[in-house]
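Notes for the one structure printed next.
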Amino acid sequence: MTAGDAAVRIKNVSHQFGEAGETQFVRALLDTSLDISRGELLCLIGPSGCGKSTLLNIIGGLLAPTRGAVEVAGKAVHGPTPHEIAFVFQENALFPWNTVIENVRLGMLFQGVPKSEHEPRAKKSLETVGLAEFANHYPGQLSGGMRQRAALARALSLQTGILLMDEPFGALDEQTRMILGEDLSVLLARTEKTIVFVTHSLGEAVFLADRVAVFSARPGTIKKIIHVDEPHPRRSNFVTSEKFTELRNELYALLHEEIRKTMDESPRPGNDDATVKDS
Amino acid sequence: MARRNQRAAGIGSRAVQLGFLVALLILWYLATNRWGVNHLLLPNPIDVWHQLINVLRSGEYLPDLRVTLSELVIAFALAMTSGTIVGYFVSRTRYSIRVFEPLFAGIYSVPIILFLPLYVLFFGLGPASKIALGTTISFFPIVLSTIAGFSNVDRTLVTAARSMGASDYQLLRYVLVPAALPVILTGLRMGFTVAMLSILGSETIASLAGLGHHIVQLAENMEMARMFAYIAFVVVMVAVLNAFVSYLEARGRRWA
């Protein structure tokens with residue numbers, strides 16, 4: 001991978017919440033560096049509180065890192081870059097007082113898309129996720145899976161090169177997330193977007209990712225990167241393959257150790273003695 | 001299925017409520033016609049009904065109705081404007097919420113009607129003192145609910161809007177206001193009710209015109225049946241206005 005290929009460059013990023021000594025002090029991320037290449041799907045996986053979501057928010061410009069820098073499309077990130085990056089959040093990020101299609105149009109209004117393009121682009125992205133019939137429903141009338149597809153449609157309509165997804169299927173049941181994962185893989189093969197995907201699910205990570213970045217316990221940093229060499233779109237038979245199982249087991253072994261560390265540590269954030277020892 | 005049961009339950013409770021009112025009317029009738037309660041204390045409901053018809057036919061209530069309603073409309077408009085604007089600016093920082101929210105809540109719990117003599121001294125016996133009192137009293141529920149509404153907006157929605165490039169104005173117009181609206185509307189309904197109560201109440205205590213004023217005058221002239229007719233008129237007016245305001249409130253939160 002050459003430098004020119006990188007859609008996102010993360011350079012020595014550290015982040016802490018609060019100041020040392022305060023009760024709220026948490027060292028979330030420690031000296032993390034990573035290049036994300038154009039068109040790849042990168043999964044971030046790690047124990048709770050390891051800073052995966054923090055890193056995602058830093059890439060998206062929603063959070064300024066304490067140290068280090070992030071470049072998107074060759075430019076340093078200071079604040080949100082709505083023309084480069086679209087987010088899909090864990091849940092409830094749709095505006096409940098707007099219908100599905102109004103939600104999609106509102107995103108384009110915020111991004112600054114000319115009014116005349118709103119309707120066709122909204123319709124197209126709703127068709128892509130299979131929600132065309134539900135355009136005039138309110139989010140409260142949809143199932144969790146449909147709501148997340150609507151959120152995905154809103155992100156797709158922004159036509160950004162990069163999609164950041166923060167446990168988008170985290171609140172859904174296993175069957176629904178399997179189906180949505182397959183759909184996402186198909187979509188990825190078609191659109192060639194760069195996707196960074198935070199997840200807790202080992203299976204989801206292996207199924208979706210071109211690369212899986214495994215985080216250590218807090219303060220998080222990338223412990224290992226696993227390559228999943230399998231073309232998109234991936235079908236359900238990939239899940240039953242030997243390769244899938246091997247990769248999943250490898251991930252499990254890597255993660256298990258880190259999760260143990262998090263569990264042994266005091267559950268209270270701000271216990272920095274423990275965090276320092278673990279790093 | 002659940003909806004049908006709900007509706008059936010709704011009709012059931014309505015029937016009980018109606019039955020209660022009818023029972024009250026019957027008791028009233030019996031008290032005056034059979035049990036010999038003095039008509040100066042409690043007039044006969046049938047007399048009251050005739051008086052009510054007479055009042056409505058003659059249109060003599062119109063000048064007083066106009067005074068009371070214009071006091072109410074002006075007071076509520078002032079309280080709504082000032083309450084929502086002050087509430088919005090207070091809700092913008094945690095610090096100002098911490099300072100002003102308890103302050104407003106504290107003043108809200110004081111019975112401001114006690115200051116009516118002061119309002120009369122400052123603004124006179126005319127509509128101005130009613131408007132000033134009504135505005136003051138209804139300002140507090142409105143400002144408190146506005147603060148509550150704006151400060152409890154789901155952060156995820158704000159973050160989502162920001163990530164898509166929403167400007168400050170867009171954030172306010174498309175996210176903060178719609179998110180806070182249901183809570184603000186509840187405050188507006190409460191503000192409307194207390195404005196109405198305080199205006200009618202203060203008219204009965206110290207005033208030159210208005211429905212409250214007229215009711216007290218009838219009492220002083222011992223025209224009890226006509227006074228009850230006016231009270232019935234005001235009760236119906238208040239019920240209609242409240243129903244209208246509740247309808248507006250329900251419309252504003254129809255997505256929820």
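Chain labels run A, B, ... following the order of the structure tokens; each chain numbers its residues from 1, and ligands are numbered from 1 in the order shown.
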Once you count only C-alpha atoms, what closest atom pair and distance in Å to one decimal does each residue of stretch 94-210 of chain B within 8 Å of stretch 80-99 of chain A have, with rows by chain and rising residue number, as CSV?
residue,atom,partner,partner_atom,distance
B:Thr156,CA,A:Ala93,CA,5.8
B:Leu157,CA,A:Ala93,CA,5.3
B:Ala160,CA,A:Ala93,CA,6.3
B:Arg162,CA,A:Pro80,CA,7.0
B:Ser163,CA,A:Pro80,CA,5.5
B:Met164,CA,A:Pro82,CA,4.9
B:Gly165,CA,A:Pro82,CA,5.3
B:Val175,CA,A:Phe95,CA,7.5
B:Pro178,CA,A:Trp97,CA,7.0
B:Ala179,CA,A:Trp97,CA,7.7
Same residues, C-alpha atoms, output as a PDB file, in the first residue's frame:
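Result file is result-v7.pdb:
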ATOM      1  CA  THR B 156     -26.899  11.499  19.332  1.00  0.00           C
ATOM      2  CA  LEU B 157     -29.243  13.585  17.179  1.00  0.00           C
ATOM      3  CA  ALA B 160     -25.607  13.162  13.758  1.00  0.00           C
ATOM      4  CA  ARG B 162     -23.234  18.022  13.041  1.00  0.00           C
ATOM      5  CA  SER B 163     -21.577  15.107  11.257  1.00  0.00           C
ATOM      6  CA  MET B 164     -23.716  15.844   8.201  1.00  0.00           C
ATOM      7  CA  GLY B 165     -22.622  19.481   8.257  1.00  0.00           C
ATOM      8  CA  VAL B 175     -33.180  19.387  15.381  1.00  0.00           C
ATOM      9  CA  PRO B 178     -38.606  19.819  16.954  1.00  0.00           C
ATOM     10  CA  ALA B 179     -36.931  17.744  19.677  1.00  0.00           C
TER      11      ALA B 179
END
| Where does DSSP see alpha helix (DSSP H) in stretch 43-261 of chain A, if you list the residues as a count of residues only? | 97
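Interatomic distance, atom CA of A:Arg234 against atom CA of A:Leu180: 12.1 Å.
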| message | So, with only C-alpha atoms as the atoms that count, which of A:Gly181, A:Pro233, A:Gly203, A:Pro219 lies closest to A:Leu55? | response | A:Pro219
| said: I need the residue nearest A:Gly46 from this list: A:Val228, A:Val13, A:Leu29, A:Ala132. Use only C-alpha atoms for the distance. | reply: A:Leu29
| task | May I ask for the distance between atom CA of B:Thr146 and atom CA of B:Ala105, given in Å to one decimal place? | result |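 So the answer is 12.4 Å.
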| What is the atom CA of B:Met80-atom CA of B:Ser246 distance in Å, reported with one decimal? |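 Going from atom CA of B:Met80 over to atom CA of B:Ser246, I get 15.7 Å.
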